[in-house]
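Visitor: The file below is entry.cif, mmCIF, N, CA and C atoms; chains and numbers go by the auth columns:
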data_model
loop_
_atom_site.group_PDB
_atom_site.id
_atom_site.type_symbol
_atom_site.label_atom_id
_atom_site.label_comp_id
_atom_site.label_asym_id
_atom_site.label_seq_id
_atom_site.Cartn_x
_atom_site.Cartn_y
_atom_site.Cartn_z
_atom_site.B_iso_or_equiv
_atom_site.auth_seq_id
_atom_site.auth_asym_id
ATOM 1 N N MET A 1 -114.636 -52.405 -8.182 0.00 80 A
ATOM 2 C CA MET A 1 -113.760 -51.305 -7.844 0.00 80 A
ATOM 3 C C MET A 1 -112.448 -51.870 -7.300 0.00 80 A
ATOM 4 N N ALA A 2 -111.357 -51.261 -7.677 0.00 81 A
ATOM 5 C CA ALA A 2 -110.039 -51.716 -7.247 0.00 81 A
ATOM 6 C C ALA A 2 -109.855 -51.492 -5.747 0.00 81 A
ATOM 7 N N GLN A 3 -109.098 -52.388 -5.136 0.00 82 A
ATOM 8 C CA GLN A 3 -108.789 -52.267 -3.717 0.00 82 A
ATOM 9 C C GLN A 3 -107.783 -51.138 -3.510 0.00 82 A
ATOM 10 N N SER A 4 -107.665 -50.671 -2.271 0.00 83 A
ATOM 11 C CA SER A 4 -106.650 -49.670 -1.952 0.00 83 A
ATOM 12 C C SER A 4 -105.297 -50.363 -1.827 0.00 83 A
ATOM 13 N N LEU A 5 -104.236 -49.571 -1.933 0.00 84 A
ATOM 14 C CA LEU A 5 -102.894 -50.138 -1.800 0.00 84 A
ATOM 15 C C LEU A 5 -102.696 -50.814 -0.443 0.00 84 A
ATOM 16 N N GLU A 6 -103.268 -50.227 0.608 0.00 85 A
ATOM 17 C CA GLU A 6 -103.116 -50.793 1.943 0.00 85 A
ATOM 18 C C GLU A 6 -103.784 -52.166 2.030 0.00 85 A
ATOM 19 N N GLU A 7 -104.976 -52.293 1.434 0.00 86 A
ATOM 20 C CA GLU A 7 -105.673 -53.580 1.433 0.00 86 A
ATOM 21 C C GLU A 7 -104.894 -54.626 0.653 0.00 86 A
ATOM 22 N N ILE A 8 -104.348 -54.207 -0.469 0.00 87 A
ATOM 23 C CA ILE A 8 -103.573 -55.137 -1.295 0.00 87 A
ATOM 24 C C ILE A 8 -102.321 -55.580 -0.554 0.00 87 A
ATOM 25 N N LYS A 9 -101.592 -54.619 0.043 0.00 88 A
ATOM 26 C CA LYS A 9 -100.375 -54.972 0.783 0.00 88 A
ATOM 27 C C LYS A 9 -100.676 -55.941 1.921 0.00 88 A
ATOM 28 N N ALA A 10 -101.797 -55.727 2.608 0.00 89 A
ATOM 29 C CA ALA A 10 -102.163 -56.584 3.728 0.00 89 A
ATOM 30 C C ALA A 10 -102.483 -58.005 3.270 0.00 89 A
ATOM 31 N N SER A 11 -102.872 -58.160 2.005 0.00 90 A
ATOM 32 C CA SER A 11 -103.231 -59.487 1.508 0.00 90 A
ATOM 33 C C SER A 11 -102.013 -60.346 1.173 0.00 90 A
ATOM 34 N N PHE A 12 -100.843 -59.729 1.062 0.00 91 A
ATOM 35 C CA PHE A 12 -99.624 -60.470 0.729 0.00 91 A
ATOM 36 C C PHE A 12 -98.881 -60.896 1.986 0.00 91 A
ATOM 37 N N GLU A 13 -98.250 -62.050 1.909 0.00 92 A
ATOM 38 C CA GLU A 13 -97.361 -62.491 2.978 0.00 92 A
ATOM 39 C C GLU A 13 -95.990 -61.869 2.715 0.00 92 A
ATOM 40 N N ALA A 14 -95.413 -61.246 3.721 0.00 93 A
ATOM 41 C CA ALA A 14 -94.139 -60.545 3.538 0.00 93 A
ATOM 42 C C ALA A 14 -93.023 -61.535 3.210 0.00 93 A
ATOM 43 N N PRO A 15 -92.184 -61.206 2.221 0.00 94 A
ATOM 44 C CA PRO A 15 -91.061 -62.079 1.891 0.00 94 A
ATOM 45 C C PRO A 15 -90.001 -62.001 2.988 0.00 94 A
ATOM 46 N N THR A 16 -89.268 -63.075 3.172 0.00 95 A
ATOM 47 C CA THR A 16 -88.224 -63.097 4.195 0.00 95 A
ATOM 48 C C THR A 16 -86.825 -63.202 3.610 0.00 95 A
ATOM 49 N N HIS A 17 -86.743 -63.687 2.368 0.00 96 A
ATOM 50 C CA HIS A 17 -85.429 -63.881 1.759 0.00 96 A
ATOM 51 C C HIS A 17 -85.552 -63.841 0.237 0.00 96 A
ATOM 52 N N ARG A 18 -84.409 -63.814 -0.391 0.00 97 A
ATOM 53 C CA ARG A 18 -84.309 -63.949 -1.844 0.00 97 A
ATOM 54 C C ARG A 18 -83.116 -64.841 -2.132 0.00 97 A
ATOM 55 N N VAL A 19 -83.026 -65.339 -3.336 0.00 98 A
ATOM 56 C CA VAL A 19 -81.926 -66.222 -3.713 0.00 98 A
ATOM 57 C C VAL A 19 -81.048 -65.487 -4.716 0.00 98 A
ATOM 58 N N VAL A 20 -79.763 -65.369 -4.376 0.00 99 A
ATOM 59 C CA VAL A 20 -78.795 -64.705 -5.232 0.00 99 A
ATOM 60 C C VAL A 20 -77.685 -65.700 -5.533 0.00 99 A
ATOM 61 N N ASP A 21 -77.517 -66.050 -6.791 0.00 100 A
ATOM 62 C CA ASP A 21 -76.511 -67.017 -7.218 0.00 100 A
ATOM 63 C C ASP A 21 -76.599 -68.315 -6.419 0.00 100 A
ATOM 64 N N GLY A 22 -77.815 -68.765 -6.180 0.00 101 A
ATOM 65 C CA GLY A 22 -78.025 -70.026 -5.484 0.00 101 A
ATOM 66 C C GLY A 22 -77.887 -69.955 -3.976 0.00 101 A
ATOM 67 N N VAL A 23 -77.657 -68.763 -3.428 0.00 102 A
ATOM 68 C CA VAL A 23 -77.493 -68.595 -1.986 0.00 102 A
ATOM 69 C C VAL A 23 -78.684 -67.805 -1.445 0.00 102 A
ATOM 70 N N GLN A 24 -79.286 -68.306 -0.374 0.00 103 A
ATOM 71 C CA GLN A 24 -80.425 -67.623 0.241 0.00 103 A
ATOM 72 C C GLN A 24 -79.924 -66.456 1.080 0.00 103 A
ATOM 73 N N VAL A 25 -80.455 -65.261 0.801 0.00 104 A
ATOM 74 C CA VAL A 25 -80.049 -64.045 1.490 0.00 104 A
ATOM 75 C C VAL A 25 -81.272 -63.454 2.180 0.00 104 A
ATOM 76 N N ASP A 26 -81.161 -63.176 3.477 0.00 105 A
ATOM 77 C CA ASP A 26 -82.264 -62.564 4.208 0.00 105 A
ATOM 78 C C ASP A 26 -82.453 -61.125 3.764 0.00 105 A
ATOM 79 N N LEU A 27 -83.713 -60.688 3.711 0.00 106 A
ATOM 80 C CA LEU A 27 -84.029 -59.317 3.313 0.00 106 A
ATOM 81 C C LEU A 27 -84.023 -58.390 4.518 0.00 106 A
ATOM 82 N N THR A 28 -83.601 -57.148 4.279 0.00 107 A
ATOM 83 C CA THR A 28 -83.682 -56.132 5.321 0.00 107 A
ATOM 84 C C THR A 28 -85.115 -55.618 5.379 0.00 107 A
ATOM 85 N N ALA A 29 -85.439 -54.873 6.415 0.00 108 A
ATOM 86 C CA ALA A 29 -86.783 -54.314 6.555 0.00 108 A
ATOM 87 C C ALA A 29 -87.123 -53.397 5.376 0.00 108 A
ATOM 88 N N GLU A 30 -86.145 -52.644 4.894 0.00 109 A
ATOM 89 C CA GLU A 30 -86.368 -51.746 3.765 0.00 109 A
ATOM 90 C C GLU A 30 -86.647 -52.540 2.492 0.00 109 A
ATOM 91 N N GLU A 31 -85.924 -53.640 2.298 0.00 110 A
ATOM 92 C CA GLU A 31 -86.138 -54.472 1.114 0.00 110 A
ATOM 93 C C GLU A 31 -87.512 -55.155 1.156 0.00 110 A
ATOM 94 N N VAL A 32 -87.917 -55.586 2.348 0.00 111 A
ATOM 95 C CA VAL A 32 -89.243 -56.197 2.500 0.00 111 A
ATOM 96 C C VAL A 32 -90.318 -55.180 2.148 0.00 111 A
ATOM 97 N N GLU A 33 -90.204 -53.976 2.669 0.00 112 A
ATOM 98 C CA GLU A 33 -91.184 -52.925 2.398 0.00 112 A
ATOM 99 C C GLU A 33 -91.205 -52.557 0.915 0.00 112 A
ATOM 100 N N ALA A 34 -90.032 -52.444 0.312 0.00 113 A
ATOM 101 C CA ALA A 34 -89.953 -52.108 -1.108 0.00 113 A
ATOM 102 C C ALA A 34 -90.588 -53.211 -1.963 0.00 113 A
ATOM 103 N N THR A 35 -90.353 -54.459 -1.603 0.00 114 A
ATOM 104 C CA THR A 35 -90.932 -55.584 -2.341 0.00 114 A
ATOM 105 C C THR A 35 -92.448 -55.586 -2.215 0.00 114 A
ATOM 106 N N LEU A 36 -92.963 -55.394 -0.996 0.00 115 A
ATOM 107 C CA LEU A 36 -94.411 -55.343 -0.797 0.00 115 A
ATOM 108 C C LEU A 36 -95.038 -54.185 -1.572 0.00 115 A
ATOM 109 N N ASN A 37 -94.373 -53.034 -1.564 0.00 116 A
ATOM 110 C CA ASN A 37 -94.880 -51.880 -2.314 0.00 116 A
ATOM 111 C C ASN A 37 -94.926 -52.169 -3.813 0.00 116 A
ATOM 112 N N MET A 38 -93.882 -52.823 -4.331 0.00 117 A
ATOM 113 C CA MET A 38 -93.832 -53.160 -5.749 0.00 117 A
ATOM 114 C C MET A 38 -94.948 -54.147 -6.101 0.00 117 A
ATOM 115 N N TRP A 39 -95.130 -55.178 -5.285 0.00 118 A
ATOM 116 C CA TRP A 39 -96.183 -56.154 -5.524 0.00 118 A
ATOM 117 C C TRP A 39 -97.560 -55.488 -5.494 0.00 118 A
ATOM 118 N N ALA A 40 -97.768 -54.607 -4.516 0.00 119 A
ATOM 119 C CA ALA A 40 -99.059 -53.928 -4.381 0.00 119 A
ATOM 120 C C ALA A 40 -99.318 -53.012 -5.578 0.00 119 A
ATOM 121 N N ASP A 41 -98.291 -52.296 -6.032 0.00 120 A
ATOM 122 C CA ASP A 41 -98.440 -51.431 -7.207 0.00 120 A
ATOM 123 C C ASP A 41 -98.807 -52.248 -8.438 0.00 120 A
ATOM 124 N N ASN A 42 -98.147 -53.388 -8.614 0.00 121 A
ATOM 125 C CA ASN A 42 -98.433 -54.247 -9.764 0.00 121 A
ATOM 126 C C ASN A 42 -99.856 -54.804 -9.702 0.00 121 A
ATOM 127 N N GLU A 43 -100.294 -55.226 -8.528 0.00 122 A
ATOM 128 C CA GLU A 43 -101.642 -55.765 -8.378 0.00 122 A
ATOM 129 C C GLU A 43 -102.690 -54.675 -8.601 0.00 122 A
ATOM 130 N N LEU A 44 -102.439 -53.472 -8.099 0.00 123 A
ATOM 131 C CA LEU A 44 -103.366 -52.360 -8.324 0.00 123 A
ATOM 132 C C LEU A 44 -103.474 -52.053 -9.813 0.00 123 A
ATOM 133 N N ALA A 45 -102.350 -52.038 -10.504 0.00 124 A
ATOM 134 C CA ALA A 45 -102.361 -51.787 -11.949 0.00 124 A
ATOM 135 C C ALA A 45 -103.150 -52.882 -12.667 0.00 124 A
ATOM 136 N N ARG A 46 -103.005 -54.137 -12.239 0.00 125 A
ATOM 137 C CA ARG A 46 -103.745 -55.239 -12.849 0.00 125 A
ATOM 138 C C ARG A 46 -105.244 -55.069 -12.618 0.00 125 A
ATOM 139 N N GLN A 47 -105.616 -54.703 -11.393 0.00 126 A
ATOM 140 C CA GLN A 47 -107.028 -54.512 -11.084 0.00 126 A
ATOM 141 C C GLN A 47 -107.630 -53.357 -11.882 0.00 126 A
ATOM 142 N N LEU A 48 -106.900 -52.259 -11.985 0.00 127 A
ATOM 143 C CA LEU A 48 -107.397 -51.106 -12.746 0.00 127 A
ATOM 144 C C LEU A 48 -107.518 -51.441 -14.228 0.00 127 A
ATOM 145 N N ASP A 49 -106.551 -52.202 -14.753 0.00 128 A
ATOM 146 C CA ASP A 49 -106.615 -52.615 -16.143 0.00 128 A
ATOM 147 C C ASP A 49 -107.835 -53.501 -16.378 0.00 128 A
ATOM 148 N N GLU A 50 -108.100 -54.417 -15.457 0.00 129 A
ATOM 149 C CA GLU A 50 -109.265 -55.288 -15.577 0.00 129 A
ATOM 150 C C GLU A 50 -110.553 -54.469 -15.560 0.00 129 A
ATOM 151 N N GLU A 51 -110.614 -53.457 -14.703 0.00 130 A
ATOM 152 C CA GLU A 51 -111.801 -52.599 -14.656 0.00 130 A
ATOM 153 C C GLU A 51 -112.007 -51.845 -15.966 0.00 130 A
ATOM 154 N N GLN A 52 -110.921 -51.323 -16.502 0.00 131 A
ATOM 155 C CA GLN A 52 -111.027 -50.483 -17.700 0.00 131 A
ATOM 156 C C GLN A 52 -111.170 -51.295 -18.979 0.00 131 A
ATOM 157 N N ASN A 53 -110.497 -52.436 -19.064 0.00 132 A
ATOM 158 C CA ASN A 53 -110.429 -53.169 -20.322 0.00 132 A
ATOM 159 C C ASN A 53 -111.070 -54.553 -20.271 0.00 132 A
ATOM 160 N N GLY A 54 -111.651 -54.905 -19.140 0.00 133 A
ATOM 161 C CA GLY A 54 -112.255 -56.223 -19.010 0.00 133 A
ATOM 162 C C GLY A 54 -113.388 -56.449 -19.982 0.00 133 A
ATOM 163 N N TRP A 55 -114.145 -55.390 -20.269 0.00 134 A
ATOM 164 C CA TRP A 55 -115.253 -55.519 -21.219 0.00 134 A
ATOM 165 C C TRP A 55 -114.752 -55.949 -22.589 0.00 134 A
ATOM 166 N N LEU A 56 -113.598 -55.438 -22.992 0.00 135 A
ATOM 167 C CA LEU A 56 -113.058 -55.768 -24.311 0.00 135 A
ATOM 168 C C LEU A 56 -112.658 -57.232 -24.368 0.00 135 A
ATOM 169 N N LYS A 57 -112.001 -57.708 -23.324 0.00 136 A
ATOM 170 C CA LYS A 57 -111.603 -59.113 -23.280 0.00 136 A
ATOM 171 C C LYS A 57 -112.829 -60.015 -23.342 0.00 136 A
ATOM 172 N N ASN A 58 -113.860 -59.684 -22.566 0.00 137 A
ATOM 173 C CA ASN A 58 -115.085 -60.489 -22.580 0.00 137 A
ATOM 174 C C ASN A 58 -115.755 -60.452 -23.937 0.00 137 A
ATOM 175 N N ARG A 59 -115.790 -59.296 -24.559 0.00 138 A
ATOM 176 C CA ARG A 59 -116.419 -59.179 -25.883 0.00 138 A
ATOM 177 C C ARG A 59 -115.668 -59.986 -26.917 0.00 138 A
ATOM 178 N N LEU A 60 -114.345 -59.926 -26.881 0.00 139 A
ATOM 179 C CA LEU A 60 -113.546 -60.689 -27.851 0.00 139 A
ATOM 180 C C LEU A 60 -113.710 -62.196 -27.652 0.00 139 A
ATOM 181 N N GLU A 61 -113.878 -62.626 -26.398 0.00 140 A
ATOM 182 C CA GLU A 61 -114.076 -64.049 -26.141 0.00 140 A
ATOM 183 C C GLU A 61 -115.446 -64.500 -26.641 0.00 140 A
ATOM 184 N N ASN A 62 -116.457 -63.652 -26.498 0.00 141 A
ATOM 185 C CA ASN A 62 -117.815 -64.027 -26.891 0.00 141 A
ATOM 186 C C ASN A 62 -118.085 -63.831 -28.383 0.00 141 A
ATOM 187 N N TYR A 63 -117.396 -62.896 -29.028 0.00 142 A
ATOM 188 C CA TYR A 63 -117.621 -62.608 -30.441 0.00 142 A
ATOM 189 C C TYR A 63 -116.285 -62.614 -31.173 0.00 142 A
ATOM 190 N N PRO A 64 -115.765 -63.790 -31.456 0.00 143 A
ATOM 191 C CA PRO A 64 -114.432 -63.865 -32.101 0.00 143 A
ATOM 192 C C PRO A 64 -114.406 -63.330 -33.513 0.00 143 A
#
Using the file provided, produce a representation of the structure as structure tokens.
Guide:
Amino acid sequence: MAQSLEEIKASFEAPTHRVVDGVQVDLTAEEVEATLNMWADNELARQLDEEQNGWLKNRLENYP
């Protein structure tokens, strides 16, 4: 079963900066939250896809 968004967000280390044109720029609190939310959404989608379609991948690997 897929984890909740809160569990997924808690598993990530919050980003502190990003690099723009070779210069390190500190993130604001809103940017940190938005980045964590995006990462959590992507991980949840990956987990749900694995739950729904994992059987197909396993079958294709075992019966080429």
Visitor: To box segment 81-84 of chain A, take all atoms listed in the file, fit an axis-aligned box, add 8 Å on each side, and give centre and edge lengths in Å to one decimal, as JSON.
Guide:
{"center_x": -107.0, "center_y": -51.0, "center_z": -4.1, "size_x": 24.7, "size_y": 18.8, "size_z": 23.2}
Visitor: I'd like the neighbourhood of Ala93 of chain A as a list in words, where a residue qualifies if any of its atoms comes within 8 Å (using only N, CA and C atoms), though same-chain residues fewer than 5 positions away should be ignored.
Guide: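 Non-adjacent residues within range: Lys88, Val111, Glu112, Thr114 and Leu115 of chain A.
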Visitor: To one decimal place, how far is atom N of Glu122 of chain A from atom N of Asp105 of chain A in Å?
Guide: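 It comes out at 23.9 Å.
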Visitor: Apply DSSP to the backbone of this structure and, from chain A, keep only the residues in helix (DSSP H, G or I); write these as a PyMOL selection string.
Guide: chain A and resi 84-90+108-141
Visitor: From the set A:Leu127, A:Ala119, A:Val104, A:Leu139, which residue has the shortest atom-to-atom contact distance to Glu86 of chain A, counting only N, CA and C atoms?
Guide: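 Smallest separation from Glu86 of chain A among the options: A:Ala119.
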Visitor: One number please: atom N of Asp120 of chain A to atom N of Leu84 of chain A, in Å, one decimal.
Guide: 7.7 Å
Visitor: Where does DSSP see strand (DSSP E) in chain A, if you list the residues as a ChimeraX atom specification?
Guide: /A:96-99,102-105
Visitor: Quick check, in Å to one decimal: how far apart do atom CA of Glu140 of chain A and atom C of Ala124 of chain A lie?
Guide: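 Atom C of Ala124 of chain A lies at a distance of 20.6 Å from atom CA of Glu140 of chain A.
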Visitor: Once the PyMOL selection byres ((chain A and resi 80) around 7) is applied to the coordinates I shared, what remains selected? I want it as a list of chain:residue names.
Guide: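 Checking the PyMOL selection byres ((chain A and resi 80) around 7) against this file, the residues are A:Ala81, A:Gln82, A:Gln126.
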Visitor: Would you export the selected residues with N, CA and C atoms as a PDB file, in the coordinates of the input, please?
Guide:
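Below is the file that was written, result34.pdb:
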ATOM      1  N   ALA A  81    -111.357 -51.261  -7.677  1.00  0.00           N
ATOM      2  CA  ALA A  81    -110.039 -51.716  -7.247  1.00  0.00           C
ATOM      3  C   ALA A  81    -109.855 -51.492  -5.747  1.00  0.00           C
ATOM      4  N   GLN A  82    -109.098 -52.388  -5.136  1.00  0.00           N
ATOM      5  CA  GLN A  82    -108.789 -52.267  -3.717  1.00  0.00           C
ATOM      6  C   GLN A  82    -107.783 -51.138  -3.510  1.00  0.00           C
ATOM      7  N   GLN A 126    -105.616 -54.703 -11.393  1.00  0.00           N
ATOM      8  CA  GLN A 126    -107.028 -54.512 -11.084  1.00  0.00           C
ATOM      9  C   GLN A 126    -107.630 -53.357 -11.882  1.00  0.00           C
TER      10      GLN A 126
END
